Amino acid sequence: MTLRSSLLFAPLLAGAHFAQVASAQAEVPNVVTDMAPIQSLVMQVMGDLGTPDVLMPQGTSPHGYSLRPSEAKAVQDADVVFWTGPQIEPWLEDLIDEIGKNTRSVPLTEVEGATLLEVREGATFERHVHDHDEHAHDDHDHDDTHEDHDDHDHEDAHDHDAHEEHGHDDHDHEDAHEDHDDHDHDAHEEHADDDHDHDDHNDADGHAWLDPMNAHVWLGAIAEELAELDAENAATYRANAASAQEALDAQMAEIQAELAPLADMKFIVFHDAYQYFENRFGLSAAGSISIGDASAPSPARIREIQGKVKEIDVDCVFAEPQFNAGLVKTVLDGTDARSEVIDPLGVTLTPGADFYAALMDEVANSFKACVGE
């Protein structure tokens, strides 16, 4: 081919190359996630192939969140939605069932190999660190976490009855689920012993993203789901997941070493969101000011917590940036316990692929601050 003909064909060849690249990019699934911790895990698996959308604004509590119309549209248009699970986001399960007819739904708490813990009842807790072997979730081959996922029918697999309704979002949205904004919180105040109804999700605690071993399992499951939707890039998804799992395992070992001396630490949390992290690293809260859905505690519950603080001489009581710090001051009144801030959602962290690792470090640092480290 002469130089002249080469120059003539160069734009055509470049155009063909561009079309191939565009075609490959078009095949990457349109992915939606529920919140920043899950988005971070999916971003690690997708790498440079794409960026998943996230539904909830940074730091927003997932309890009873109300989607805006644009967020609901994102669910409708998605190829796949990776979300934490119906234990904490029943409203999202309902929405996907309603409008996401062509959307694959992946509730991560239902992924094979994930650890689920029962909701702790009552204002105060007996010290108990779960034996991981009881759950049989730690000995599986993480590379094969999702090997049977091809047989899963995403549209029919989640036949759940309505979960307890939460009304804790402070968002004034025009959304497809406005009925979540009108729930009566006063009903919770009558139950100091937390005899609220967790309905048909097996009384499982929904804050499962705070167990980094769950994140390890989920990385593999996310890779397999994306590989099924985008076979051309399957090897990339799996390699990215394996790399992320290796890094997460190293981080877990570091956190374990840092927190091992704190096994006897006595602390109260604002709401019962941390038992997955506690269980993974050998810690145990003595109680929580609010129940797991962060609804307002009754006066009787506050009195019970105040008694516990004085009875066992707790090291600290944790506040959270999303909720009323005045309740923590009330609990601390007349005691020498310190107050620290802990955040299950990483409200001050920058969203992105590194978010999940930063969140784990931040939570670990909060526990260390509890004893003045």
# chains A, B, ... in the order shown; residues from 1 in each chain; ligands from 1
call {"tool": "residues_around", "arguments": {"residues": "Ile99 in chain A", "least_positions_apart": "2", "cutoff": "10 Å", "atoms": "only C-alpha atoms", "output": "PyMOL selection string"}}
result
chain A and resi 72-73+75-77+94-97+101-103+176
call {"tool": "residues_around", "arguments": {"residues": "range 310-327 of chain A", "least_positions_apart": "6", "cutoff": "8 Å", "atoms": "only C-alpha atoms", "output": "list in words"}}
result
Gly59, Thr60, Ser61, Met265, Lys266, Phe267, Ile268, Val269, Phe270, Ile289, Thr335, Ala337, Arg338, Ser339, Glu340, Val341, Ile342, Asp343, Val347, Cys370 and Val371 of chain A
call {"tool": "write_last_selection", "arguments": {"atoms": "all heavy atoms", "output": "compact mmCIF listing (two decimals), in the first residue's frame"}}
result
# COMPACT_ATOMS: atom_id res chain seq x y z
N GLY A 59 -23.99 9.33 52.62
CA GLY A 59 -24.31 9.48 54.03
C GLY A 59 -25.77 9.34 54.38
O GLY A 59 -26.14 9.47 55.55
N THR A 60 -26.62 9.06 53.40
CA THR A 60 -28.05 8.93 53.66
C THR A 60 -28.35 7.59 54.32
O THR A 60 -27.87 6.55 53.88
CB THR A 60 -28.85 9.04 52.35
OG1 THR A 60 -28.58 10.30 51.75
CG2 THR A 60 -30.34 8.91 52.61
N SER A 61 -29.17 7.60 55.35
CA SER A 61 -29.55 6.35 56.00
C SER A 61 -30.42 5.53 55.07
O SER A 61 -31.36 6.05 54.45
CB SER A 61 -30.31 6.63 57.30
OG SER A 61 -30.84 5.43 57.83
N MET A 265 -13.17 -4.08 75.79
CA MET A 265 -13.70 -2.73 75.78
C MET A 265 -15.21 -2.75 76.00
O MET A 265 -15.93 -3.56 75.43
CB MET A 265 -13.37 -2.06 74.45
CG MET A 265 -13.90 -0.65 74.29
SD MET A 265 -13.33 0.11 72.74
CE MET A 265 -13.98 -1.04 71.52
N LYS A 266 -15.71 -1.82 76.82
CA LYS A 266 -17.14 -1.73 77.12
C LYS A 266 -17.68 -0.46 76.47
O LYS A 266 -17.22 0.64 76.78
CB LYS A 266 -17.35 -1.71 78.63
CG LYS A 266 -16.95 -3.02 79.32
CD LYS A 266 -16.92 -2.89 80.83
CE LYS A 266 -15.72 -2.06 81.27
NZ LYS A 266 -15.57 -2.07 82.75
N PHE A 267 -18.66 -0.63 75.62
CA PHE A 267 -19.17 0.53 74.89
C PHE A 267 -20.65 0.37 74.57
O PHE A 267 -21.19 -0.73 74.52
CB PHE A 267 -18.37 0.75 73.59
CG PHE A 267 -18.42 -0.41 72.63
CD1 PHE A 267 -19.36 -0.46 71.60
CD2 PHE A 267 -17.51 -1.47 72.74
CE1 PHE A 267 -19.40 -1.52 70.71
CE2 PHE A 267 -17.55 -2.53 71.85
CZ PHE A 267 -18.49 -2.56 70.84
N ILE A 268 -21.29 1.51 74.35
CA ILE A 268 -22.69 1.59 73.93
C ILE A 268 -22.71 2.26 72.57
O ILE A 268 -22.01 3.27 72.36
CB ILE A 268 -23.53 2.42 74.93
CG1 ILE A 268 -23.49 1.81 76.33
CG2 ILE A 268 -24.97 2.57 74.42
CD1 ILE A 268 -24.26 0.53 76.49
N VAL A 269 -23.49 1.75 71.64
CA VAL A 269 -23.62 2.37 70.32
C VAL A 269 -24.91 3.16 70.24
O VAL A 269 -25.85 2.92 71.00
CB VAL A 269 -23.56 1.32 69.19
CG1 VAL A 269 -22.19 0.66 69.15
CG2 VAL A 269 -24.65 0.26 69.36
N PHE A 270 -24.96 4.10 69.29
CA PHE A 270 -26.19 4.89 69.16
C PHE A 270 -27.32 4.02 68.64
O PHE A 270 -28.41 3.99 69.21
CB PHE A 270 -25.99 6.08 68.22
CG PHE A 270 -27.24 6.92 68.12
CD1 PHE A 270 -27.51 7.90 69.06
CD2 PHE A 270 -28.17 6.69 67.12
CE1 PHE A 270 -28.68 8.65 69.00
CE2 PHE A 270 -29.34 7.42 67.05
CZ PHE A 270 -29.60 8.40 67.99
N ILE A 289 -28.58 2.75 72.16
CA ILE A 289 -29.56 3.75 72.57
C ILE A 289 -30.84 3.58 71.75
O ILE A 289 -31.95 3.62 72.29
CB ILE A 289 -28.99 5.16 72.38
CG1 ILE A 289 -27.78 5.35 73.30
CG2 ILE A 289 -30.05 6.23 72.66
CD1 ILE A 289 -27.03 6.66 73.07
N THR A 335 -21.94 10.49 84.41
CA THR A 335 -20.95 9.41 84.29
C THR A 335 -19.62 9.98 83.82
O THR A 335 -19.53 11.14 83.38
CB THR A 335 -21.41 8.33 83.29
OG1 THR A 335 -21.25 8.83 81.95
CG2 THR A 335 -22.85 7.93 83.52
N ALA A 337 -17.94 8.36 81.43
CA ALA A 337 -17.71 7.77 80.11
C ALA A 337 -17.48 8.87 79.07
O ALA A 337 -18.04 9.96 79.17
CB ALA A 337 -18.89 6.90 79.71
N ARG A 338 -16.69 8.57 78.09
CA ARG A 338 -16.41 9.51 77.02
C ARG A 338 -17.37 9.28 75.87
O ARG A 338 -18.01 8.24 75.75
CB ARG A 338 -14.97 9.39 76.55
CG ARG A 338 -14.64 8.03 75.95
CD ARG A 338 -13.13 7.83 75.80
NE ARG A 338 -12.54 8.78 74.88
CZ ARG A 338 -11.29 9.22 74.98
NH1 ARG A 338 -10.52 8.82 75.98
NH2 ARG A 338 -10.81 10.07 74.08
N SER A 339 -17.46 10.26 75.00
CA SER A 339 -18.28 10.15 73.80
C SER A 339 -17.38 10.20 72.58
O SER A 339 -16.48 11.04 72.50
CB SER A 339 -19.31 11.28 73.74
OG SER A 339 -20.02 11.25 72.52
N GLU A 340 -17.61 9.30 71.64
CA GLU A 340 -16.90 9.29 70.37
C GLU A 340 -17.93 9.17 69.25
O GLU A 340 -19.09 8.82 69.48
CB GLU A 340 -15.91 8.13 70.30
CG GLU A 340 -14.76 8.22 71.30
CD GLU A 340 -13.81 9.36 71.03
OE1 GLU A 340 -13.82 9.88 69.89
OE2 GLU A 340 -13.07 9.74 71.95
N VAL A 341 -17.49 9.46 68.04
CA VAL A 341 -18.37 9.38 66.87
C VAL A 341 -17.98 8.16 66.05
O VAL A 341 -16.80 7.90 65.81
CB VAL A 341 -18.28 10.65 66.01
CG1 VAL A 341 -19.10 10.49 64.73
CG2 VAL A 341 -18.76 11.86 66.80
N ILE A 342 -18.99 7.41 65.63
CA ILE A 342 -18.79 6.28 64.72
C ILE A 342 -19.82 6.40 63.61
O ILE A 342 -20.94 6.88 63.85
CB ILE A 342 -18.91 4.94 65.48
CG1 ILE A 342 -18.37 3.79 64.64
CG2 ILE A 342 -20.34 4.68 65.93
CD1 ILE A 342 -18.21 2.50 65.43
N ASP A 343 -19.46 5.99 62.43
CA ASP A 343 -20.34 6.21 61.28
C ASP A 343 -20.37 4.98 60.39
O ASP A 343 -19.35 4.64 59.77
CB ASP A 343 -19.84 7.42 60.48
CG ASP A 343 -20.70 7.73 59.27
OD1 ASP A 343 -21.79 7.13 59.14
OD2 ASP A 343 -20.28 8.55 58.44
N VAL A 347 -19.94 9.14 56.02
CA VAL A 347 -20.49 10.37 55.46
C VAL A 347 -19.40 11.36 55.05
O VAL A 347 -19.59 12.16 54.12
CB VAL A 347 -21.48 11.03 56.45
CG1 VAL A 347 -20.76 11.49 57.71
CG2 VAL A 347 -22.23 12.17 55.81
N CYS A 370 -12.29 5.05 71.27
CA CYS A 370 -13.14 4.79 72.42
C CYS A 370 -12.32 4.61 73.70
O CYS A 370 -12.76 4.97 74.79
CB CYS A 370 -13.99 3.54 72.17
SG CYS A 370 -15.16 3.13 73.48
N VAL A 371 -11.13 4.06 73.55
CA VAL A 371 -10.26 3.86 74.72
C VAL A 371 -9.07 4.82 74.71
O VAL A 371 -8.05 4.59 75.36
CB VAL A 371 -9.77 2.40 74.80
CG1 VAL A 371 -10.93 1.47 75.09
CG2 VAL A 371 -9.06 1.98 73.51
call {"tool": "residues_around", "arguments": {"residues": "range 273-286 of chain A", "least_positions_apart": "5", "cutoff": "10 Å", "atoms": "only C-alpha atoms", "output": "PyMOL selection string"}}
result
chain A and resi 115-120+123-132+205-214+252-253+255-268+291-294+305+308-309+312+314+317+342-344+360+363-364+367
call {"tool": "residues_around", "arguments": {"residues": "Met46 in chain A", "least_positions_apart": "6", "cutoff": "9 Å", "atoms": "only C-alpha atoms", "output": "list in words"}}
result
Pro52, Ala223, Leu226, Thr236, Tyr237, Asn240 and Ala241 of chain A
call {"tool": "write_last_selection", "arguments": {"atoms": "all heavy atoms", "output": "short mmCIF file (atom, residue, chain, number, x, y, z; two decimals), in the first residue's frame"}}
result
data_model
loop_
_atom_site.label_atom_id
_atom_site.label_comp_id
_atom_site.auth_asym_id
_atom_site.auth_seq_id
_atom_site.Cartn_x
_atom_site.Cartn_y
_atom_site.Cartn_z
N PRO A 52 -20.52 2.29 38.10
CA PRO A 52 -21.91 2.06 38.51
C PRO A 52 -22.52 3.32 39.12
O PRO A 52 -21.83 4.10 39.79
CB PRO A 52 -21.77 0.97 39.57
CG PRO A 52 -20.40 1.17 40.14
CD PRO A 52 -19.55 1.64 38.99
N ALA A 223 -18.56 -10.16 40.53
CA ALA A 223 -17.79 -10.51 39.34
C ALA A 223 -18.51 -11.56 38.50
O ALA A 223 -18.57 -11.46 37.26
CB ALA A 223 -16.41 -11.03 39.75
N LEU A 226 -21.59 -9.99 36.72
CA LEU A 226 -21.19 -9.16 35.58
C LEU A 226 -20.62 -10.03 34.45
O LEU A 226 -20.85 -9.73 33.27
CB LEU A 226 -20.16 -8.13 36.03
CG LEU A 226 -20.68 -7.04 36.98
CD1 LEU A 226 -19.54 -6.16 37.46
CD2 LEU A 226 -21.76 -6.20 36.30
N THR A 236 -11.74 -10.05 33.00
CA THR A 236 -11.37 -8.81 33.67
C THR A 236 -12.11 -8.66 34.99
O THR A 236 -11.51 -8.30 36.01
CB THR A 236 -11.67 -7.61 32.76
OG1 THR A 236 -10.89 -7.72 31.57
CG2 THR A 236 -11.34 -6.29 33.47
N TYR A 237 -13.42 -8.93 34.98
CA TYR A 237 -14.19 -8.83 36.21
C TYR A 237 -13.63 -9.76 37.28
O TYR A 237 -13.47 -9.38 38.44
CB TYR A 237 -15.66 -9.16 35.95
CG TYR A 237 -16.37 -8.21 35.02
CD1 TYR A 237 -17.14 -8.70 33.94
CD2 TYR A 237 -16.31 -6.84 35.19
CE1 TYR A 237 -17.81 -7.84 33.09
CE2 TYR A 237 -16.97 -5.97 34.33
CZ TYR A 237 -17.72 -6.48 33.28
OH TYR A 237 -18.38 -5.63 32.44
N ASN A 240 -10.18 -8.58 38.55
CA ASN A 240 -10.34 -7.41 39.43
C ASN A 240 -10.86 -7.81 40.80
O ASN A 240 -10.41 -7.30 41.83
CB ASN A 240 -11.29 -6.39 38.79
CG ASN A 240 -10.68 -5.68 37.60
OD1 ASN A 240 -9.48 -5.73 37.38
ND2 ASN A 240 -11.52 -5.02 36.81
N ALA A 241 -11.84 -8.72 40.82
CA ALA A 241 -12.41 -9.18 42.08
C ALA A 241 -11.35 -9.89 42.92
O ALA A 241 -11.25 -9.67 44.14
CB ALA A 241 -13.60 -10.10 41.84
#
call {"tool": "select_by_dssp", "arguments": {"residues": "range 225-347 of chain A", "states": "strand (DSSP E)", "output": "list in words"}}
result
Phe267, Ile268, Val269, Phe270, His271, Gly287, Ser288, Ile289, Ser290, Cys316, Val317, Phe318, Ala319, Arg338, Ser339, Glu340 and Val341 of chain A
call {"tool": "residues_around", "arguments": {"residues": "Asp361 in chain A", "least_positions_apart": "5", "cutoff": "9 Å", "atoms": "only C-alpha atoms", "output": "ChimeraX atom specification"}}
result
/A:251,255,356,366
call {"tool": "write_last_selection", "arguments": {"atoms": "N, CA and C atoms", "output": "PDB file, in the first residue's frame"}}
result
ATOM      1  N   GLN A 251      -6.109  -6.111  54.633  1.00  0.00           N
ATOM      2  CA  GLN A 251      -6.642  -5.075  55.523  1.00  0.00           C
ATOM      3  C   GLN A 251      -7.304  -5.689  56.749  1.00  0.00           C
ATOM      4  N   ILE A 255      -6.481  -4.868  60.697  1.00  0.00           N
ATOM      5  CA  ILE A 255      -7.483  -4.400  61.660  1.00  0.00           C
ATOM      6  C   ILE A 255      -7.591  -5.375  62.830  1.00  0.00           C
ATOM      7  N   TYR A 356     -14.678   1.670  50.339  1.00  0.00           N
ATOM      8  CA  TYR A 356     -14.957   0.596  51.290  1.00  0.00           C
ATOM      9  C   TYR A 356     -13.784   0.390  52.248  1.00  0.00           C
ATOM     10  N   SER A 366     -12.500   4.500  65.063  1.00  0.00           N
ATOM     11  CA  SER A 366     -13.485   4.955  66.044  1.00  0.00           C
ATOM     12  C   SER A 366     -13.455   4.078  67.295  1.00  0.00           C
TER      13      SER A 366
END
call {"tool": "closest_residue", "arguments": {"among": "A:Gly100, A:Gly307, A:Gly122, A:Pro107", "to": "Asp272 in chain A", "atoms": "only C-alpha atoms"}}
result
A:Gly122
call {"tool": "residues_around", "arguments": {"residues": "Gly352 in chain A", "least_positions_apart": "4", "cutoff": "9 Å", "atoms": "only C-alpha atoms", "output": "MDAnalysis selection string"}}
result
chainID A and resid 36:37 39:41 43:44 356
call {"tool": "write_last_selection", "arguments": {"atoms": "all heavy atoms", "output": "mmCIF file, in the first residue's frame"}}
result
data_model
loop_
_atom_site.group_PDB
_atom_site.id
_atom_site.type_symbol
_atom_site.label_atom_id
_atom_site.label_comp_id
_atom_site.auth_asym_id
_atom_site.auth_seq_id
_atom_site.Cartn_x
_atom_site.Cartn_y
_atom_site.Cartn_z
ATOM 1 N N ALA A 36 -23.046 3.975 48.889
ATOM 2 C CA ALA A 36 -21.618 4.112 48.621
ATOM 3 C C ALA A 36 -20.779 2.867 48.936
ATOM 4 O O ALA A 36 -19.887 2.535 48.152
ATOM 5 C CB ALA A 36 -21.068 5.325 49.369
ATOM 6 N N PRO A 37 -21.005 2.163 50.057
ATOM 7 C CA PRO A 37 -20.173 0.978 50.297
ATOM 8 C C PRO A 37 -20.307 -0.082 49.207
ATOM 9 O O PRO A 37 -19.309 -0.698 48.802
ATOM 10 C CB PRO A 37 -20.687 0.459 51.651
ATOM 11 C CG PRO A 37 -21.287 1.652 52.318
ATOM 12 C CD PRO A 37 -21.878 2.456 51.217
ATOM 13 N N GLN A 39 -21.410 0.505 46.064
ATOM 14 C CA GLN A 39 -20.864 1.092 44.842
ATOM 15 C C GLN A 39 -19.350 0.899 44.789
ATOM 16 O O GLN A 39 -18.782 0.574 43.743
ATOM 17 C CB GLN A 39 -21.192 2.582 44.761
ATOM 18 C CG GLN A 39 -20.682 3.238 43.486
ATOM 19 C CD GLN A 39 -20.703 4.753 43.538
ATOM 20 O OE1 GLN A 39 -20.447 5.351 44.589
ATOM 21 N NE2 GLN A 39 -21.024 5.382 42.411
ATOM 22 N N SER A 40 -18.691 1.084 45.924
ATOM 23 C CA SER A 40 -17.245 0.925 45.983
ATOM 24 C C SER A 40 -16.821 -0.485 45.590
ATOM 25 O O SER A 40 -15.865 -0.665 44.819
ATOM 26 C CB SER A 40 -16.753 1.243 47.405
ATOM 27 O OG SER A 40 -15.378 0.965 47.548
ATOM 28 N N LEU A 41 -17.525 -1.486 46.106
ATOM 29 C CA LEU A 41 -17.182 -2.872 45.768
ATOM 30 C C LEU A 41 -17.375 -3.132 44.279
ATOM 31 O O LEU A 41 -16.535 -3.766 43.632
ATOM 32 C CB LEU A 41 -18.034 -3.831 46.591
ATOM 33 C CG LEU A 41 -17.867 -3.766 48.114
ATOM 34 C CD1 LEU A 41 -18.827 -4.723 48.794
ATOM 35 C CD2 LEU A 41 -16.426 -4.053 48.530
ATOM 36 N N MET A 43 -17.331 -0.926 41.865
ATOM 37 C CA MET A 43 -16.314 -0.173 41.116
ATOM 38 C C MET A 43 -14.994 -0.930 41.068
ATOM 39 O O MET A 43 -14.294 -0.931 40.038
ATOM 40 C CB MET A 43 -16.109 1.206 41.750
ATOM 41 C CG MET A 43 -17.262 2.158 41.550
ATOM 42 S SD MET A 43 -16.981 3.793 42.285
ATOM 43 C CE MET A 43 -15.821 4.481 41.098
ATOM 44 N N GLN A 44 -14.645 -1.598 42.166
ATOM 45 C CA GLN A 44 -13.406 -2.374 42.167
ATOM 46 C C GLN A 44 -13.465 -3.521 41.161
ATOM 47 O O GLN A 44 -12.463 -3.851 40.527
ATOM 48 C CB GLN A 44 -13.150 -2.914 43.568
ATOM 49 C CG GLN A 44 -12.826 -1.841 44.596
ATOM 50 C CD GLN A 44 -12.640 -2.415 45.986
ATOM 51 O OE1 GLN A 44 -11.737 -3.206 46.227
ATOM 52 N NE2 GLN A 44 -13.513 -2.015 46.903
ATOM 53 N N TYR A 356 -14.678 1.670 50.339
ATOM 54 C CA TYR A 356 -14.957 0.596 51.290
ATOM 55 C C TYR A 356 -13.784 0.390 52.248
ATOM 56 O O TYR A 356 -13.974 0.267 53.469
ATOM 57 C CB TYR A 356 -15.299 -0.717 50.582
ATOM 58 C CG TYR A 356 -15.787 -1.754 51.568
ATOM 59 C CD1 TYR A 356 -17.120 -1.776 51.969
ATOM 60 C CD2 TYR A 356 -14.917 -2.679 52.122
ATOM 61 C CE1 TYR A 356 -17.574 -2.689 52.905
ATOM 62 C CE2 TYR A 356 -15.358 -3.596 53.062
ATOM 63 C CZ TYR A 356 -16.686 -3.601 53.452
ATOM 64 O OH TYR A 356 -17.117 -4.507 54.391
#
call {"tool": "select_by_dssp", "arguments": {"residues": "range 184-279 of chain A", "states": "helix (DSSP H, G or I)", "output": "NGL selection string"}}
result
:A and (186-189 or 208-210 or 212-229 or 231-262 or 275-279)
call {"tool": "atom_distance", "arguments": {"atom1": "CA of Phe355 in chain A", "atom2": "CA of Ala244 in chain A"}}
result
12.4 Å
call {"tool": "atom_distance", "arguments": {"atom1": "CA of Thr33 in chain A", "atom2": "CA of Glu232 in chain A"}}
result
22.1 Å
